[in-house]
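J.: This is the structure I have questions about; it appears just below.
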Amino acid sequence: MTKRLLLLAALSVGVHAAAPAERPNILLIVSDDQGYADAGFQGAKDLATPHLDRLAASGLRFTNGYVTHPFCSPTRAALMTGRYQQRFGHERNPFYDPADAREGLPLTEKLLPEHMRAAGYATGWIGKWHLGAAPAFRPERRGFAETYGFIGGGHRFRDWTENLAVEYQVPVERDGRRDPIPAHLTPAFGAAAATFIRRHAAEPWFLYLAFNAPHMPHEPTDERLARFASIADPVRRKYAAQLSLMDDAIGDALGALRETGQAGRTLVFFFSDNGGPISVNGSRNTPLRGAKGNVYEGGVRVPFLVSWPDRVPAGRSDDRPVSSIDVFATALAAAGAPMPTDRKYDSVNLLPYLEGRDTGAPHERLFWRNAALLAVREGNWKLVRGAGPADELYDLAADVSETRDLAAARPEVRARLAAALDAWNVELVDPVFPGAGGRPANSKKSAAKKQP
């Protein structure tokens, strides 16, 4: 071989070896039922979230950050596919039944971790799954090479008795096999995330860290509960304690990034899966109207952070509407992987907006549908349908709490948004599985498998 060929071969090897290190890691952190107001970076005074506050300071806070649905599983289905979940019929929470091949994210959809693995990324899932319990729906069959968590839609946090038939008491599993019961679930998830991060320090990775905190049932440690003794409301006190445990677990993961020199090259997303169920778990969505389950702002607008120290300027807020669905296209773009074109995708690559190269709006419109409840946002205008006898119209710039219905005063805006909502809605399909609320009351499968 000539010297020239040897030099070219060496350069080729060097470029190939350097490529993985140049691509960022992707850390996707999702909390469960966290209220819009419930973090220090969102202005909370009675709660303590120092690790999330540090993450906010290291990146960008989207004040108009949304999810695609006002409750758990549908939001996760859109997050994993880059498509509104109603395009493939995942509009309900799947009923927990490992023998039911209908109840889960349809196998016709290719998930984000499958694309990331194809791009040469190590992939991991930790925490809550809630995208189907039958074998074909499980995370290890949908692109995640390493897994640790529970398959259902919720879980006890401590002192539970394992029961394969009871959703909130199923075993915690590691790579598909039963794992020892941890002292408390939330710190265990943080420790598992830190271990994953350290183990893959020499290669690009994608980690989906999905907490079930601060979802009910609240079971904080005694030590953590005592820290918030000044909160008079006992439910709010437990909520604050559980949220604090989650914040520390997130701190474990972020600390592992810093300790291993990966913080600068890691793209981190954080948001809740829906708005807080304010009458249930002690959360607050102030100043937003509504809560988990409805399509007012309190149901779908969430705390939303993005950090990438090597690329995204720190310490900023951005009021442009973005969505959790945008993680899909953004992660692929950051990884240098192609955006698929085999079907209609709704995800937008946020990198040009994060880096300041594009000053426009990422989305012309955002849409929501939960059964008969629908909504569309265009700029500062939002139309809500199904909550009352007629379409409602709100100017979110002037009325973020959605208290003044302007449908009668601005009929031209109402008509334009109604037409856009109708056009989007006809592209969607009906739910493809009955879901947790769709079982007949006398069905054997509706027996008490799910805990409160």
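Scheme for the structure tokens: letters A, B, ... for chains in order shown; per-chain residue numbers from 1; ligand numbers from 1 in order shown.
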Which parts of range 189-436 of chain A does DSSP call alpha helix (DSSP H) when run on the backbone here, written out as a ChimeraX atom specification?
T.: /A:189-199,222-227,234-259,297-300,326-335,351-354,411-425
J.: Neighbouring residues of range 134-149 of chain A were defined as those with any atom within 8 Å, considering only C-alpha atoms; residues of the same chain fewer than 3 positions away were excluded. Please report them as a ChimeraX atom specification.
T.: /A:97-101,103-107,110-115,117,122-129,131,172-176,189,192
J.: Pull N, CA and C atoms from the residues just selected and write them as a compact mmCIF listing (two decimals), in the first residue's frame.
T.:
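part-v3.txt, freshly written:
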```
# COMPACT_ATOMS: atom_id res chain seq x y z
N ASP A 97 -53.13 -5.23 31.22
CA ASP A 97 -53.46 -6.64 30.99
C ASP A 97 -52.37 -7.24 30.11
N PRO A 98 -51.41 -7.95 30.68
CA PRO A 98 -50.32 -8.53 29.89
C PRO A 98 -50.78 -9.52 28.82
N ALA A 99 -52.05 -9.96 28.89
CA ALA A 99 -52.55 -10.92 27.91
C ALA A 99 -53.33 -10.25 26.78
N ASP A 100 -53.51 -8.93 26.85
CA ASP A 100 -54.33 -8.22 25.86
C ASP A 100 -53.43 -7.55 24.83
N ALA A 101 -53.43 -8.05 23.61
CA ALA A 101 -52.56 -7.53 22.55
C ALA A 101 -53.09 -6.27 21.90
N GLU A 103 -54.16 -3.50 23.89
CA GLU A 103 -53.98 -2.38 24.81
C GLU A 103 -52.53 -1.91 24.87
N GLY A 104 -52.12 -1.13 23.88
CA GLY A 104 -50.78 -0.59 23.89
C GLY A 104 -50.50 0.21 22.64
N LEU A 105 -49.32 0.83 22.61
CA LEU A 105 -48.92 1.65 21.48
C LEU A 105 -48.84 0.76 20.24
N PRO A 106 -49.65 1.04 19.21
CA PRO A 106 -49.73 0.13 18.06
C PRO A 106 -48.37 -0.20 17.45
N LEU A 107 -48.22 -1.46 17.08
CA LEU A 107 -46.95 -1.95 16.55
C LEU A 107 -46.67 -1.42 15.15
N LYS A 110 -43.05 3.12 14.60
CA LYS A 110 -41.64 2.93 14.94
C LYS A 110 -41.24 4.00 15.94
N LEU A 111 -40.69 3.58 17.07
CA LEU A 111 -40.43 4.49 18.18
C LEU A 111 -39.06 5.15 18.07
N LEU A 112 -38.94 6.29 18.76
CA LEU A 112 -37.70 7.05 18.76
C LEU A 112 -36.48 6.21 19.13
N PRO A 113 -36.51 5.36 20.17
CA PRO A 113 -35.30 4.59 20.47
C PRO A 113 -34.88 3.65 19.35
N GLU A 114 -35.80 3.17 18.55
CA GLU A 114 -35.43 2.34 17.40
C GLU A 114 -34.62 3.14 16.40
N HIS A 115 -35.03 4.39 16.17
CA HIS A 115 -34.27 5.26 15.27
C HIS A 115 -32.90 5.59 15.87
N ARG A 117 -31.12 3.77 17.99
CA ARG A 117 -30.24 2.59 17.90
C ARG A 117 -29.67 2.45 16.50
N ALA A 122 -26.50 4.01 22.19
CA ALA A 122 -26.96 3.12 23.26
C ALA A 122 -28.30 3.67 23.76
N THR A 123 -29.25 2.81 24.05
CA THR A 123 -30.59 3.26 24.44
C THR A 123 -31.00 2.65 25.78
N GLY A 124 -31.64 3.46 26.61
CA GLY A 124 -32.10 2.98 27.90
C GLY A 124 -33.40 3.63 28.30
N TRP A 125 -34.23 2.85 28.99
CA TRP A 125 -35.47 3.36 29.60
C TRP A 125 -35.44 3.03 31.08
N ILE A 126 -35.81 4.02 31.90
CA ILE A 126 -35.89 3.86 33.35
C ILE A 126 -37.17 4.50 33.84
N GLY A 127 -37.95 3.75 34.65
CA GLY A 127 -39.11 4.33 35.31
C GLY A 127 -40.44 3.74 34.91
N LYS A 128 -41.34 4.61 34.48
CA LYS A 128 -42.72 4.25 34.14
C LYS A 128 -42.83 4.03 32.63
N TRP A 129 -43.53 2.95 32.22
CA TRP A 129 -43.72 2.64 30.81
C TRP A 129 -45.08 3.12 30.34
N LEU A 131 -47.20 2.03 28.11
CA LEU A 131 -47.49 1.99 26.68
C LEU A 131 -47.88 0.59 26.22
N VAL A 172 -40.74 -4.62 39.94
CA VAL A 172 -39.83 -3.77 39.20
C VAL A 172 -38.88 -4.70 38.47
N GLU A 173 -38.65 -4.41 37.19
CA GLU A 173 -37.85 -5.31 36.36
C GLU A 173 -36.62 -4.61 35.80
N ARG A 174 -35.57 -5.38 35.65
CA ARG A 174 -34.35 -4.90 35.00
C ARG A 174 -34.08 -5.80 33.80
N ASP A 175 -34.09 -5.20 32.62
CA ASP A 175 -33.87 -5.95 31.38
C ASP A 175 -34.81 -7.14 31.26
N GLY A 176 -36.08 -6.92 31.65
CA GLY A 176 -37.11 -7.93 31.49
C GLY A 176 -37.18 -8.97 32.59
N PHE A 189 -34.64 5.05 40.77
CA PHE A 189 -34.62 5.46 39.37
C PHE A 189 -33.46 6.42 39.12
N ALA A 192 -30.23 4.40 39.05
CA ALA A 192 -30.12 3.63 37.81
C ALA A 192 -29.73 4.52 36.65
```
J.: Which one is closest to Pro431 in chain A: A:Thr260, A:Ser323, A:Gln85, A:Thr186? Count only C-alpha atoms.
T.: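 Of the candidates, the smallest distance to Pro431 in chain A is held by A:Gln85.
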J.: Which one is closest to Thr403 in chain A: A:Met216, A:Ala333, A:Leu288, A:Ala226? Count only C-alpha atoms.
T.: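 For Thr403 in chain A, the nearest of the candidates is A:Leu288.
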J.: May I have all residues of range 243-348 of chain A that DSSP, computed from the backbone, assigns to strand (DSSP E), given as a CSV table (one decimal) with N, CA and C atoms, in the first residue's frame?
T.:
```csv
chain,number,residue,atom,x,y,z
A,266,THR,N,-24.5,17.0,26.4
A,266,THR,CA,-25.7,16.2,26.6
A,266,THR,C,-26.9,17.2,26.5
A,267,LEU,N,-27.8,16.8,25.5
A,267,LEU,CA,-29.1,17.6,25.3
A,267,LEU,C,-30.1,17.0,26.3
A,268,VAL,N,-30.6,17.8,27.2
A,268,VAL,CA,-31.5,17.4,28.2
A,268,VAL,C,-32.9,18.1,28.0
A,269,PHE,N,-33.9,17.3,28.1
A,269,PHE,CA,-35.3,17.8,28.1
A,269,PHE,C,-35.9,17.4,29.4
A,270,PHE,N,-36.7,18.3,29.9
A,270,PHE,CA,-37.5,18.0,31.1
A,270,PHE,C,-38.9,18.6,31.0
A,271,PHE,N,-39.9,17.9,31.3
A,271,PHE,CA,-41.3,18.4,31.3
A,271,PHE,C,-42.2,17.3,32.1
A,272,SER,N,-43.4,17.7,32.4
A,272,SER,CA,-44.3,16.8,33.0
A,272,SER,C,-45.2,16.2,31.9
A,304,PHE,N,-41.3,23.2,31.4
A,304,PHE,CA,-40.7,22.7,30.2
A,304,PHE,C,-39.3,23.3,30.1
A,305,LEU,N,-38.2,22.4,30.2
A,305,LEU,CA,-36.9,22.9,30.1
A,305,LEU,C,-36.1,22.2,29.0
A,306,VAL,N,-35.2,22.9,28.4
A,306,VAL,CA,-34.2,22.3,27.5
A,306,VAL,C,-32.8,22.8,27.8
A,307,SER,N,-31.8,21.9,27.9
A,307,SER,CA,-30.5,22.3,28.2
A,307,SER,C,-29.5,21.6,27.3
A,316,ARG,N,-32.0,31.5,29.8
A,316,ARG,CA,-33.0,32.3,29.0
A,316,ARG,C,-34.4,31.7,29.2
A,317,SER,N,-35.4,32.5,28.9
A,317,SER,CA,-36.8,32.1,28.8
A,317,SER,C,-37.3,32.4,27.4
A,318,ASP,N,-38.2,31.6,26.9
A,318,ASP,CA,-38.7,31.7,25.6
A,318,ASP,C,-40.3,31.5,25.6
A,322,VAL,N,-44.1,25.5,22.2
A,322,VAL,CA,-43.5,24.3,21.7
A,322,VAL,C,-44.2,23.1,22.3
A,323,SER,N,-43.9,21.9,21.9
A,323,SER,CA,-44.6,20.7,22.4
A,323,SER,C,-43.6,19.6,22.7
```
J.: Which residue out of A:Thr221, A:Gln86, A:Gln34, A:Asn25 has the minimum interatomic distance to Val280 in chain A when only C-alpha atoms are used?
T.: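 Looking only at the distances to Val280 in chain A, the closest residue turns out to be A:Gln34.
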J.: Just how far from CA of Glu392 in chain A is CA of Ala408 in chain A, in Å to one decimal?
T.: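 CA of Ala408 in chain A sits 8.8 Å away from CA of Glu392 in chain A.
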J.: Between A:Leu257, A:Ala397, A:Ala39, A:Ala44, which is the closest to Trp308 in chain A once you count only C-alpha atoms?
T.: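 Of all the options, A:Leu257 lies closest to Trp308 in chain A.
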J.: Pick out the residues sitting within 12 Å of Leu393 in chain A, and hand them over as a JSON list (two decimals) with N, CA and C atoms, in the first residue's frame; count only C-alpha atoms, and ignore anything fewer than 2 positions along from it in its own chain.
T.:
```json
[["chain", "number", "residue", "atom", "x", "y", "z"],
["A", 296, "TYR", "N", -58.14, 22.94, 28.81],
["A", 296, "TYR", "CA", -57.71, 24.28, 29.20],
["A", 296, "TYR", "C", -56.21, 24.23, 29.49],
["A", 375, "ALA", "N", -59.11, 21.36, 21.30],
["A", 375, "ALA", "CA", -58.60, 22.72, 21.37],
["A", 375, "ALA", "C", -57.56, 22.92, 20.29],
["A", 376, "VAL", "N", -57.35, 24.19, 19.92],
["A", 376, "VAL", "CA", -56.30, 24.56, 18.99],
["A", 376, "VAL", "C", -55.72, 25.89, 19.45],
["A", 377, "ARG", "N", -54.41, 26.01, 19.37],
["A", 377, "ARG", "CA", -53.75, 27.29, 19.64],
["A", 377, "ARG", "C", -53.05, 27.76, 18.38],
["A", 378, "GLU", "N", -53.26, 29.04, 18.03],
["A", 378, "GLU", "CA", -52.62, 29.69, 16.90],
["A", 378, "GLU", "C", -52.12, 31.04, 17.38],
["A", 380, "ASN", "N", -51.35, 33.68, 19.83],
["A", 380, "ASN", "CA", -51.86, 33.86, 21.19],
["A", 380, "ASN", "C", -53.34, 33.47, 21.32],
["A", 381, "TRP", "N", -53.96, 33.08, 20.21],
["A", 381, "TRP", "CA", -55.37, 32.71, 20.23],
["A", 381, "TRP", "C", -55.54, 31.22, 20.52],
["A", 382, "LYS", "N", -56.52, 30.89, 21.33],
["A", 382, "LYS", "CA", -56.83, 29.49, 21.62],
["A", 382, "LYS", "C", -58.34, 29.29, 21.60],
["A", 383, "LEU", "N", -58.76, 28.27, 20.86],
["A", 383, "LEU", "CA", -60.16, 27.89, 20.79],
["A", 383, "LEU", "C", -60.34, 26.59, 21.54],
["A", 384, "VAL", "N", -61.34, 26.53, 22.41],
["A", 384, "VAL", "CA", -61.67, 25.35, 23.20],
["A", 384, "VAL", "C", -63.06, 24.87, 22.82],
["A", 385, "ARG", "N", -63.19, 23.59, 22.54],
["A", 385, "ARG", "CA", -64.47, 23.01, 22.14],
["A", 385, "ARG", "C", -64.84, 21.85, 23.06],
["A", 387, "ALA", "N", -66.12, 21.95, 26.17],
["A", 387, "ALA", "CA", -66.20, 22.23, 27.60],
["A", 387, "ALA", "C", -67.52, 22.90, 27.97],
["A", 388, "GLY", "N", -68.17, 23.53, 26.98],
["A", 388, "GLY", "CA", -69.44, 24.19, 27.18],
["A", 388, "GLY", "C", -70.32, 24.00, 25.97],
["A", 390, "ALA", "N", -70.86, 25.90, 23.44],
["A", 390, "ALA", "CA", -70.36, 26.48, 22.19],
["A", 390, "ALA", "C", -68.84, 26.62, 22.27],
["A", 391, "ASP", "N", -68.23, 26.81, 21.11],
["A", 391, "ASP", "CA", -66.78, 27.04, 21.07],
["A", 391, "ASP", "C", -66.42, 28.28, 21.88],
["A", 395, "ASP", "N", -57.69, 34.92, 24.32],
["A", 395, "ASP", "CA", -56.43, 35.58, 23.95],
["A", 395, "ASP", "C", -55.46, 35.33, 25.11],
["A", 396, "LEU", "N", -54.56, 34.36, 24.93],
["A", 396, "LEU", "CA", -53.69, 33.94, 26.03],
["A", 396, "LEU", "C", -52.67, 35.00, 26.41],
["A", 399, "ASP", "N", -54.93, 37.04, 28.67],
["A", 399, "ASP", "CA", -55.81, 36.31, 29.58],
["A", 399, "ASP", "C", -55.33, 34.86, 29.69],
["A", 400, "VAL", "N", -54.18, 34.68, 30.33],
["A", 400, "VAL", "CA", -53.60, 33.34, 30.41],
["A", 400, "VAL", "C", -54.47, 32.39, 31.23],
["A", 402, "GLU", "N", -57.67, 32.12, 30.97],
["A", 402, "GLU", "CA", -58.83, 31.75, 30.16],
["A", 402, "GLU", "C", -60.16, 32.05, 30.89],
["A", 403, "THR", "N", -60.31, 33.32, 31.26],
["A", 403, "THR", "CA", -61.51, 33.73, 31.98],
["A", 403, "THR", "C", -62.48, 34.53, 31.12],
["A", 404, "ARG", "N", -61.98, 35.10, 29.99],
["A", 404, "ARG", "CA", -62.82, 35.97, 29.17],
["A", 404, "ARG", "C", -63.00, 35.36, 27.78],
["A", 405, "ASP", "N", -64.16, 34.80, 27.54],
["A", 405, "ASP", "CA", -64.47, 34.18, 26.26],
["A", 405, "ASP", "C", -64.74, 35.27, 25.22],
["A", 406, "LEU", "N", -63.93, 35.30, 24.16],
["A", 406, "LEU", "CA", -64.04, 36.34, 23.14],
["A", 406, "LEU", "C", -64.67, 35.83, 21.85],
["A", 407, "ALA", "N", -65.32, 34.66, 21.92],
["A", 407, "ALA", "CA", -65.89, 34.09, 20.70],
["A", 407, "ALA", "C", -66.90, 35.02, 20.04],
["A", 408, "ALA", "N", -67.73, 35.67, 20.83],
["A", 408, "ALA", "CA", -68.73, 36.58, 20.26],
["A", 408, "ALA", "C", -68.11, 37.87, 19.77],
["A", 409, "ALA", "N", -67.07, 38.32, 20.46],
["A", 409, "ALA", "CA", -66.44, 39.59, 20.09],
["A", 409, "ALA", "C", -65.52, 39.46, 18.88],
["A", 410, "ARG", "N", -64.95, 38.27, 18.64],
["A", 410, "ARG", "CA", -64.05, 38.07, 17.52],
["A", 410, "ARG", "C", -64.49, 36.86, 16.68],
["A", 411, "PRO", "N", -65.64, 36.97, 16.01],
["A", 411, "PRO", "CA", -66.18, 35.83, 15.28],
["A", 411, "PRO", "C", -65.28, 35.37, 14.13],
["A", 412, "GLU", "N", -64.50, 36.29, 13.54],
["A", 412, "GLU", "CA", -63.62, 35.90, 12.43],
["A", 412, "GLU", "C", -62.47, 35.01, 12.91],
["A", 413, "VAL", "N", -61.96, 35.29, 14.11],
["A", 413, "VAL", "CA", -60.90, 34.44, 14.68],
["A", 413, "VAL", "C", -61.48, 33.09, 15.07],
["A", 414, "ARG", "N", -62.66, 33.14, 15.71],
["A", 414, "ARG", "CA", -63.32, 31.87, 16.09],
["A", 414, "ARG", "C", -63.54, 30.99, 14.87],
["A", 415, "ALA", "N", -64.03, 31.57, 13.78],
["A", 415, "ALA", "CA", -64.32, 30.79, 12.58],
["A", 415, "ALA", "C", -63.04, 30.21, 11.98],
["A", 416, "ARG", "N", -61.96, 31.00, 11.97],
["A", 416, "ARG", "CA", -60.70, 30.51, 11.39],
["A", 416, "ARG", "C", -60.13, 29.34, 12.19],
["A", 417, "LEU", "N", -60.13, 29.48, 13.51],
["A", 417, "LEU", "CA", -59.60, 28.41, 14.34],
["A", 417, "LEU", "C", -60.49, 27.18, 14.34],
["A", 418, "ALA", "N", -61.80, 27.39, 14.28],
["A", 418, "ALA", "CA", -62.73, 26.27, 14.22],
["A", 418, "ALA", "C", -62.52, 25.46, 12.94]]
```
